[in-house]
Every structure is written in structure tokens, then in C-alpha cells.
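run.txt follows (compact mmCIF, C-alpha atoms):
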# COMPACT_ATOMS: atom_id res chain seq x y z
CA MET E 1 72.35 75.99 76.28
CA SER E 2 68.64 76.78 76.58
CA LYS E 3 66.21 74.10 77.67
CA PRO E 4 64.11 72.28 75.07
CA GLU E 5 60.62 73.72 74.74
CA LEU E 6 57.77 71.35 75.57
CA LEU E 7 55.21 73.03 73.29
CA SER E 8 57.57 72.62 70.32
CA MET E 9 57.82 68.84 70.77
CA THR E 10 55.98 66.26 68.72
CA LYS E 11 54.59 63.27 70.58
CA GLU E 12 57.60 61.23 69.42
CA GLU E 13 59.97 63.89 70.75
CA LEU E 14 58.07 63.90 74.05
CA GLU E 15 58.52 60.14 74.25
CA ALA E 16 62.27 60.58 73.82
CA PHE E 17 62.23 63.37 76.41
CA PHE E 18 60.53 61.18 79.00
CA GLY E 19 62.83 58.30 78.11
CA ALA E 20 65.82 60.51 78.95
CA LEU E 21 64.20 61.13 82.34
CA GLY E 22 63.89 57.39 82.89
CA GLU E 23 60.12 57.48 82.46
CA PRO E 24 57.90 55.22 80.32
CA SER E 25 56.86 56.41 76.88
CA TYR E 26 53.15 56.54 77.77
CA ARG E 27 53.91 59.71 79.74
CA ALA E 28 54.08 61.51 76.38
CA ALA E 29 50.53 60.45 75.52
CA GLN E 30 49.40 61.85 78.86
CA MET E 31 51.17 65.19 78.47
CA PHE E 32 50.68 65.99 74.78
CA PRO E 33 46.92 66.79 74.81
CA LEU E 34 47.25 68.68 78.09
CA LEU E 35 49.96 70.90 76.62
CA HIS E 36 47.79 71.60 73.59
CA ARG E 37 44.90 72.79 75.70
CA GLY E 38 47.24 75.19 77.49
CA ASP E 39 47.82 73.41 80.81
CA ASP E 40 50.94 74.30 82.79
CA PRO E 41 53.05 71.13 83.39
CA ALA E 42 53.46 72.26 87.01
CA ASP E 43 49.70 71.75 87.46
CA MET E 44 49.42 68.36 85.73
CA THR E 45 48.32 66.18 88.63
CA CYS E 46 48.58 63.03 86.52
CA PHE E 47 52.30 63.34 87.28
CA SER E 48 53.80 63.10 90.75
CA LYS E 49 55.34 66.21 92.30
CA PRO E 50 58.89 64.76 91.99
CA LEU E 51 58.28 64.09 88.28
CA ARG E 52 56.88 67.58 87.73
CA ALA E 53 60.03 68.96 89.34
CA LYS E 54 62.19 66.84 86.99
CA ILE E 55 60.22 68.10 83.99
CA ALA E 56 60.64 71.74 85.07
CA GLU E 57 64.37 71.18 85.52
CA ALA E 58 64.82 69.59 82.12
CA ALA E 59 62.47 71.60 79.85
CA ALA E 60 60.86 75.00 79.37
CA TRP E 61 57.17 75.83 79.12
CA HIS E 62 55.63 79.21 78.47
CA LEU E 63 52.28 80.14 77.00
CA PRO E 64 52.06 83.61 75.39
CA GLN E 65 50.57 86.04 77.88
CA VAL E 66 47.98 88.70 77.06
CA GLU E 67 49.79 92.03 77.30
CA LYS E 68 47.01 94.03 75.65
CA LYS E 69 43.59 93.09 74.29
CA LEU E 70 41.36 95.17 72.02
CA VAL E 71 37.80 94.14 71.15
CA SER E 72 35.99 95.65 68.18
CA GLN E 73 32.61 97.12 69.02
CA ILE E 74 31.69 96.75 65.35
CA ASP E 75 32.13 93.05 64.65
CA GLY E 76 33.67 91.40 67.73
CA THR E 77 37.14 91.02 66.23
CA VAL E 78 39.71 90.62 69.01
CA LYS E 79 43.29 91.82 68.70
CA TYR E 80 45.91 90.51 71.10
CA LEU E 81 49.37 91.74 71.95
CA PHE E 82 51.06 88.64 73.37
CA SER E 83 54.28 88.73 75.39
CA LEU E 84 56.73 85.87 74.96
CA ALA E 85 59.12 84.31 77.47
CA ASP E 86 61.97 86.68 76.52
CA GLY E 87 59.81 89.82 76.77
CA ASN E 88 59.32 90.26 73.02
CA CYS E 89 55.77 90.82 71.81
CA VAL E 90 53.76 89.66 68.81
CA GLU E 91 50.21 90.21 67.64
CA SER E 92 47.36 87.81 66.91
CA VAL E 93 43.82 88.57 65.75
CA VAL E 94 40.72 86.43 66.28
CA MET E 95 38.14 86.98 63.55
CA LYS E 96 34.58 85.77 63.98
CA TYR E 97 32.67 84.44 61.00
CA LYS E 98 29.32 82.67 60.62
CA TYR E 99 31.17 79.40 60.01
CA GLY E 100 33.48 79.71 63.03
CA ASN E 101 36.48 81.50 64.49
CA THR E 102 39.78 82.04 62.70
CA VAL E 103 42.97 83.32 64.29
CA CYS E 104 45.61 85.25 62.38
CA ILE E 105 49.01 84.58 63.98
CA SER E 106 52.53 85.97 63.73
CA SER E 107 55.50 83.89 62.58
CA GLN E 108 58.38 86.19 63.57
CA VAL E 109 59.13 89.02 65.96
CA GLY E 110 59.35 91.79 63.37
CA CYS E 111 60.06 91.18 59.70
CA ARG E 112 62.98 91.79 57.34
CA MET E 113 61.05 91.79 54.06
CA GLY E 114 60.74 95.59 54.02
CA CYS E 115 57.35 95.96 52.30
CA LYS E 116 56.73 99.70 52.22
CA PHE E 117 53.07 99.59 53.23
CA CYS E 118 53.47 97.25 56.22
CA ALA E 119 53.82 98.28 59.87
CA SER E 120 55.22 94.87 60.84
CA THR E 121 58.50 95.41 59.03
CA ILE E 122 59.31 98.79 60.61
CA GLY E 123 62.38 98.13 62.76
CA GLY E 124 63.22 94.89 60.95
CA ARG E 125 63.31 91.30 62.15
CA VAL E 126 64.25 90.56 65.76
CA ARG E 127 64.02 86.75 65.67
CA ASP E 128 62.01 83.77 64.45
CA LEU E 129 59.24 82.26 66.54
CA THR E 130 59.58 78.65 67.64
CA PRO E 131 56.94 76.05 66.70
CA GLY E 132 55.72 76.23 70.30
CA GLU E 133 55.35 80.02 70.15
CA LEU E 134 53.34 79.71 66.94
CA LEU E 135 51.15 77.04 68.53
CA GLY E 136 50.96 79.02 71.76
CA GLN E 137 49.22 81.93 70.04
CA VAL E 138 46.42 79.63 68.86
CA ILE E 139 46.09 78.02 72.29
CA ALA E 140 46.19 81.32 74.20
CA ALA E 141 43.63 82.97 71.91
CA GLY E 142 41.29 80.02 72.30
CA ARG E 143 41.65 79.93 76.08
CA ASP E 144 41.07 83.66 76.45
CA SER E 145 38.05 83.74 74.15
CA GLY E 146 36.57 80.53 75.53
CA GLU E 147 35.66 79.52 71.97
CA ARG E 148 37.07 76.92 69.62
CA ILE E 149 39.47 78.19 67.00
CA GLY E 150 38.66 76.34 63.79
CA GLY E 151 40.88 78.14 61.28
CA ILE E 152 44.36 79.66 61.13
CA VAL E 153 45.85 82.35 58.93
CA LEU E 154 49.63 82.83 58.94
CA MET E 155 49.45 86.48 57.95
CA GLY E 156 50.48 88.34 61.09
CA ILE E 157 53.87 89.82 61.89
CA GLY E 158 56.69 88.20 59.91
CA GLU E 159 57.15 86.23 56.70
CA PRO E 160 56.19 82.57 57.34
CA LEU E 161 58.47 81.13 54.64
CA ASP E 162 61.41 83.06 56.11
CA ASN E 163 60.91 80.87 59.20
CA TYR E 164 60.33 77.77 57.11
CA ALA E 165 61.32 74.82 59.33
CA ASN E 166 59.56 76.13 62.42
CA VAL E 167 56.39 76.96 60.50
CA VAL E 168 56.21 73.52 58.87
CA LYS E 169 56.69 71.82 62.24
CA PHE E 170 53.95 74.03 63.70
CA LEU E 171 51.58 72.95 60.91
CA HIS E 172 52.12 69.31 61.84
CA LEU E 173 51.67 70.05 65.54
CA VAL E 174 48.44 72.02 65.18
CA ASN E 175 46.99 69.35 62.90
CA SER E 176 47.71 66.51 65.35
CA PRO E 177 44.55 64.51 66.23
CA ASP E 178 45.77 64.37 69.83
CA GLY E 179 46.15 68.14 69.97
CA LEU E 180 44.06 70.96 68.51
CA ASN E 181 43.29 68.83 65.44
CA ILE E 182 42.81 71.81 63.10
CA GLY E 183 42.53 70.54 59.53
CA TYR E 184 45.12 71.62 56.98
CA ARG E 185 42.33 72.80 54.67
CA HIS E 186 41.39 75.34 57.32
CA ILE E 187 44.89 76.81 57.37
CA SER E 188 46.11 79.58 55.06
CA LEU E 189 49.73 80.68 54.69
CA SER E 190 50.55 84.07 53.18
CA THR E 191 53.93 84.83 51.62
CA CYS E 192 55.43 87.86 49.91
CA GLY E 193 57.03 85.51 47.39
CA LEU E 194 60.12 83.60 48.54
CA VAL E 195 60.19 81.46 45.41
CA PRO E 196 62.60 78.69 46.51
CA LYS E 197 60.54 78.12 49.65
CA ILE E 198 57.32 77.86 47.61
CA TYR E 199 58.92 74.97 45.72
CA ASP E 200 59.95 73.44 49.06
CA LEU E 201 56.43 73.84 50.43
CA GLN E 202 54.83 72.06 47.50
CA LYS E 203 56.94 68.99 48.35
CA GLU E 204 55.57 68.87 51.91
CA ASP E 205 52.22 67.49 50.69
CA LEU E 206 50.23 69.71 53.05
CA PRO E 207 46.78 70.64 51.69
CA ILE E 208 46.89 74.15 53.12
CA THR E 209 45.84 77.24 51.18
CA LEU E 210 48.68 79.37 49.81
CA SER E 211 48.17 83.12 49.54
CA ILE E 212 50.54 85.30 47.54
CA SER E 213 51.02 88.94 48.54
CA LEU E 214 51.33 90.37 45.03
CA HIS E 215 50.26 94.02 45.34
CA ALA E 216 51.51 95.17 41.92
CA PRO E 217 51.00 94.27 38.24
CA ASP E 218 54.59 94.71 37.05
CA ASP E 219 58.16 94.40 38.33
CA GLU E 220 58.87 98.13 38.38
CA THR E 221 55.90 98.92 40.63
CA ARG E 222 56.34 95.82 42.79
CA SER E 223 60.07 96.32 43.36
CA ALA E 224 59.39 99.88 44.54
CA ILE E 225 57.08 98.72 47.33
CA MET E 226 58.28 95.13 47.90
CA PRO E 227 62.08 94.63 47.95
CA VAL E 228 61.66 90.84 47.65
CA ASN E 229 60.71 91.39 44.00
CA ARG E 230 64.28 92.41 43.23
CA SER E 231 65.30 88.82 43.97
CA TYR E 232 62.25 87.02 42.60
CA GLY E 233 60.32 88.88 39.92
CA ILE E 234 56.67 88.44 39.05
CA ARG E 235 57.30 86.03 36.14
CA GLU E 236 59.42 83.77 38.36
CA LEU E 237 56.89 83.99 41.19
CA LEU E 238 53.94 83.07 38.97
CA ALA E 239 55.90 80.13 37.55
CA ALA E 240 56.34 78.84 41.11
CA CYS E 241 52.62 79.31 41.73
CA ARG E 242 51.76 77.40 38.56
CA SER E 243 54.03 74.55 39.69
CA TYR E 244 52.52 74.59 43.20
CA PHE E 245 49.00 74.28 41.82
CA ALA E 246 49.98 71.54 39.35
CA THR E 247 51.48 69.49 42.18
CA THR E 248 48.99 70.12 44.98
CA GLY E 249 45.75 70.93 43.17
CA ARG E 250 45.17 73.61 45.81
CA ARG E 251 43.83 76.95 44.65
CA ILE E 252 46.11 79.92 45.27
CA SER E 253 44.75 83.29 46.39
CA PHE E 254 46.48 86.48 45.30
CA GLU E 255 46.36 89.41 47.69
CA TYR E 256 46.47 92.89 46.21
CA THR E 257 46.62 95.89 48.54
CA LEU E 258 45.17 98.92 46.80
CA ILE E 259 47.18 102.11 47.42
CA ALA E 260 45.82 105.40 46.08
CA GLY E 261 47.94 106.71 43.22
CA LYS E 262 50.40 103.80 43.38
CA ASN E 263 48.78 100.64 42.03
CA ASP E 264 45.05 101.27 41.68
CA SER E 265 44.56 102.73 38.17
CA PRO E 266 42.39 101.07 35.49
CA GLU E 267 45.49 100.50 33.36
CA GLN E 268 47.19 98.71 36.23
CA ALA E 269 44.12 96.50 36.65
CA LYS E 270 44.40 95.52 32.97
CA LYS E 271 48.14 94.85 33.38
CA LEU E 272 47.44 92.68 36.42
CA ALA E 273 44.88 90.61 34.53
CA ARG E 274 47.31 90.14 31.63
CA ALA E 275 50.15 89.15 33.95
CA LEU E 276 48.03 86.58 35.81
CA ASN E 277 46.43 85.10 32.72
CA SER E 278 49.71 84.77 30.83
CA GLY E 279 51.73 83.65 33.83
CA LEU E 280 49.31 81.08 35.22
CA ARG E 281 47.19 79.73 32.39
CA THR E 282 48.03 77.72 29.30
CA ARG E 283 45.84 76.23 26.56
CA THR E 284 45.60 73.00 28.51
CA ASP E 285 45.68 74.39 32.05
CA THR E 286 42.73 76.40 33.36
CA MET E 287 44.12 77.23 36.78
CA PRO E 288 41.52 79.19 38.76
CA ILE E 289 42.65 82.69 39.63
CA HIS E 290 41.28 84.68 42.54
CA VAL E 291 42.43 88.14 43.58
CA ASN E 292 41.59 89.44 47.02
CA LEU E 293 41.57 93.24 46.88
CA ILE E 294 42.54 94.86 50.18
CA PRO E 295 42.26 98.58 50.99
CA VAL E 296 45.70 99.56 52.32
CA ASN E 297 46.05 99.78 56.08
CA GLU E 298 46.88 103.43 56.66
CA VAL E 299 50.06 103.66 58.76
CA LYS E 300 51.40 107.12 59.57
CA GLU E 301 55.02 106.14 58.80
CA THR E 302 54.20 105.15 55.19
CA GLY E 303 51.99 108.03 54.11
CA PHE E 304 49.98 105.62 51.89
CA ARG E 305 46.25 106.22 51.56
CA GLN E 306 43.34 103.96 50.67
CA SER E 307 41.84 104.08 47.19
CA ASP E 308 38.35 105.53 47.07
CA ARG E 309 35.38 103.21 46.67
CA ALA E 310 34.87 104.07 43.02
CA ALA E 311 38.48 103.16 42.18
CA VAL E 312 38.21 99.87 44.06
CA LYS E 313 34.95 98.97 42.31
CA LYS E 314 36.40 99.85 38.90
CA PHE E 315 39.58 97.83 39.56
CA ALA E 316 37.55 94.76 40.53
CA ALA E 317 35.26 95.11 37.51
CA ILE E 318 38.20 95.25 35.08
CA LEU E 319 39.67 92.06 36.55
CA GLU E 320 36.33 90.29 36.24
CA GLU E 321 35.94 91.48 32.64
CA ASN E 322 39.30 89.87 31.87
CA GLY E 323 38.54 86.49 33.40
CA VAL E 324 40.06 87.04 36.84
CA ARG E 325 37.75 86.54 39.81
CA ALA E 326 38.05 89.43 42.26
CA THR E 327 36.60 90.13 45.68
CA VAL E 328 37.10 93.07 48.02
CA ARG E 329 38.13 91.94 51.49
CA ARG E 330 35.69 92.94 54.20
CA THR E 331 37.50 95.07 56.77
CA LEU E 332 37.28 93.54 60.23
CA GLY E 333 38.10 95.34 63.45
CA SER E 334 38.46 98.74 61.77
CA ASP E 335 37.91 100.50 65.10
CA ILE E 336 40.87 98.69 66.72
CA ASN E 337 43.39 98.80 63.82
CA ALA E 338 43.18 95.00 63.55
CA SER E 339 45.89 94.74 60.89
CA CYS E 340 49.11 93.50 62.49
CA GLY E 341 52.14 95.57 63.45
CA GLN E 342 50.71 98.76 64.90
CA LEU E 343 49.91 97.50 68.40
CA ARG E 344 53.38 96.00 68.88
CA ARG E 345 55.00 99.20 67.66
CA ALA E 346 52.88 101.39 69.92
CA ASN E 347 53.81 99.19 72.88
CA ALA E 348 57.52 99.37 72.05
CA GLU E 349 57.32 103.17 71.84
CA GLY E 350 55.49 103.39 75.16
CA ARG E 351 52.33 104.80 73.59
CA ILE E 352 50.07 102.23 75.28
Final C-alpha cells representation of the file:
Amino acid sequence: MSKPELLSMTKEELEAFFGALGEPSYRAAQMFPLLHRGDDPADMTCFSKPLRAKIAEAAAWHLPQVEKKLVSQIDGTVKYLFSLADGNCVESVVMKYKYGNTVCISSQVGCRMGCKFCASTIGGRVRDLTPGELLGQVIAAGRDSGERIGGIVLMGIGEPLDNYANVVKFLHLVNSPDGLNIGYRHISLSTCGLVPKIYDLQKEDLPITLSISLHAPDDETRSAIMPVNRSYGIRELLAACRSYFATTGRRISFEYTLIAGKNDSPEQAKKLARALNSGLRTRTDTMPIHVNLIPVNEVKETGFRQSDRAAVKKFAAILEENGVRATVRRTLGSDINASCGQLRRANAEGRI
């Protein structure tokens, strides 16, 4: 049986851990903030050497290590390839904005969702990340950059709701006042649409921002590029979103990757507006709708190409004309392929 992981423990679990070692509960209050700033337990001098040896014998600690680091010369975006304790690698991206730094982290090693435009899913899912490995990406990125991370986006490798329990525990850990203390309202979780888990998430009472990877205006188009739609169609997905908003009051963002010749025509823009308006709004409910238009990340294995600027502008204008707010996502780190999946794949193939 593998050792329990210190970074995955809540303060209450740390208290129980120290209790099992015959130590007083206040040891947990000493260790918890040190773990969350990235300190190695072996170097925690507030504990005696014999106690540090007992801790190392009873539990595991590993902070993700920087395997590869790319820094954009355009906007300062930093892309990390982190190695985990078992040798697997994941990617994280630190994005710098005027209001602070946000890190995009991975939730799984690989992904089994099979979205046709995504590099992260090539090769499938290897395993879920633990809460400590999720937290470790935030800590490691902050330590390496030397700057505070104030926001988190769960939009890297993997489907967060496919690793539900570990992701929810991570959210509680990263929000802890004794740890990184990152507010829930500064955390965004992106899902391809695992409907039952959306209903579960709305019961957690976490004021995070939910983002839906929609990417198509109808079931036929969406099922062709996103296999998850064969299990949970657009109507069912939008009903879950309407319920989530009614319960939480938190605005939902819809992500729409524009792929030339696949989902970017004016008629598809009109269909998208109709689907969102009919699926999310009623006479008594004026749920705000925001669509984030994203030029597709060109990956050689998919053959998909970005829509031209005129098509993107026209698509956004049609949505706006039909009462759907639309923005075009600013591309960050374009010179380092900052979208997740490609760096890990290149490393696995020995190309870096």
C-alpha cells in the first residue's frame, strides 16, 4: 500500500496523521502552511530530526518538478512541463494579466474524453491526479516565478469533472486561509459537459466559475468532434447549466473553439444563438449568456485550421445581434504553443 500524501491532506487529516505518530495536534498547524508554500518536510526545522524521520517513514511528499519551461517573448506567458513522483508529466501555464497572475493547471495525466481538436486526449487517459498533485502545480509555478498566483483555471490536460472527488478536495485545500488562500471566485473550472457531475457540483456550494466547452451549435456537429455529446446532448447539457445558475447564481461561460469549415459559418452562429437562448432563458429567467470564441489550436494530428479573422468577426457579430454576448479570447503565449497537451506529447516522443 502506498504512503498517504502530505500535500493531499486537510489540516484535520494532518492532525489525525500526527496523532497516529503519537504527536500533539498542534503539529498539523505548524506543518500545513509550510507544505502550502512548497517546503520539503525534511527541511522543516520546527520539527526534530527524529520526528522528521518518522514523518518520512509514514508519508510521502513530492512537489512537481520543472522538466521543461518555455517563456513567451511576446507576453511573458510561461509554460511548464512538470514531472510527477511516478515519472508522468503534466502541463501548467502561468498567464500574466494587469490584475495579477493566473495559472492553468492539469487535472489528469492524459484524457479519455476524445475531443477531436485537443492534443491532451491523444493517447488517452493514464491516471487521475491527486489533490496534492493539483495543488503542487500551483505551488511549484508560484515558487518558480517568484510571484503570487491569484487565480486558477482548471483547463489544462484532463477533464476536471472526470476526476471529481480529487478536484473538489483540491478546491477546498487551495482556498484554505492557512494555505494559499485563493478565493473561489478567482477559480474557473472547465468541463466538456459531464452532466451528472455538473448537478453534483452545484450541490457543493462553491462560488467558482463554471465554463462549458460547447464548440458546436447542434448535436450532429458536436457529436462528431466531442464524443461526450453522444451521452449528454446539448439540450440536456443546457438544462444542467440552467439548473446550476438557478442554484448558485454564478454566471456560466461557454467556450466555443472556431474550426475553419467545421463550426464557423454564419448559419452555425445563428443556430448557436437560438440553442443558447431557447435552452437557457425563459420568460421569467434572464440568465446572462457569454460565449468565449477561441481560434482552434492547430495540432498536426487533427488537421484542423483556424477560422480567418473575417469569419471570427462575423460569427461574434451574429451572436451579439441575437442577444448573446461574445468575446474573442486573446491568444497568449502563441510563440510557445501555450495551449496544453503538445509539450507533454513532444516530451513523450523524445522530440524535446
task: Determine, counting all atoms listed in the file, every residue of protein, DNA or RNA that lies within 9 Å of (52.3, 80.8, 71.2) in the file coordinates, then give the result as a list in words.
output: Leu7, His62, Leu63, Pro64, Gln65, Phe82, Leu84, Ile105, Leu129, Thr130, Pro131, Gly132, Glu133, Leu134, Leu135, Gly136, Gln137, Val138, Ile139, Ala140 and Ala141 of chain E
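Relative to atom CA of Ile149 of chain E, atom CA of Gln73 of chain E is found at 20.2 Å.
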field: Distance query segment 189-198 of chain E at most 7 Å, only C-alpha atoms, self and fewer than 3 positions along chain excluded, as a list in words
entry: Val153, Leu154, Met155, Glu159, Pro160, Leu161, Leu201, Gln202, Thr209, Leu210, Ser211, Ile212, Ser213, Leu214, Tyr232, Leu237 and Ala240 of chain E
query: Counting all atoms listed in the file, what is within 8 Å of segment 215-224 of chain E, bar same-chain residues fewer than 2 positions away, as a list of chain:residue names?
result: E:Ser213, E:Met226, E:Pro227, E:Val228, E:Asn229, E:Arg230, E:Gly233, E:Ile234, E:Glu255, E:Tyr256, E:Thr257, E:Leu258, E:Lys262, E:Asn263, E:Gln268, E:Ala269, E:Lys271, E:Leu272, E:Ala275
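Considering the residues E:His172, E:Lys116, E:Lys98, E:Arg274 and counting only C-alpha atoms, Ile259 of chain E has its shortest atom-to-atom contact with E:Lys116.
For the residues E:Gly87, E:Gly156, E:Gly100, E:Gly151, ranking by smallest atom-to-atom distance to Ser120 of chain E using all atoms listed in the file places E:Gly156 first.
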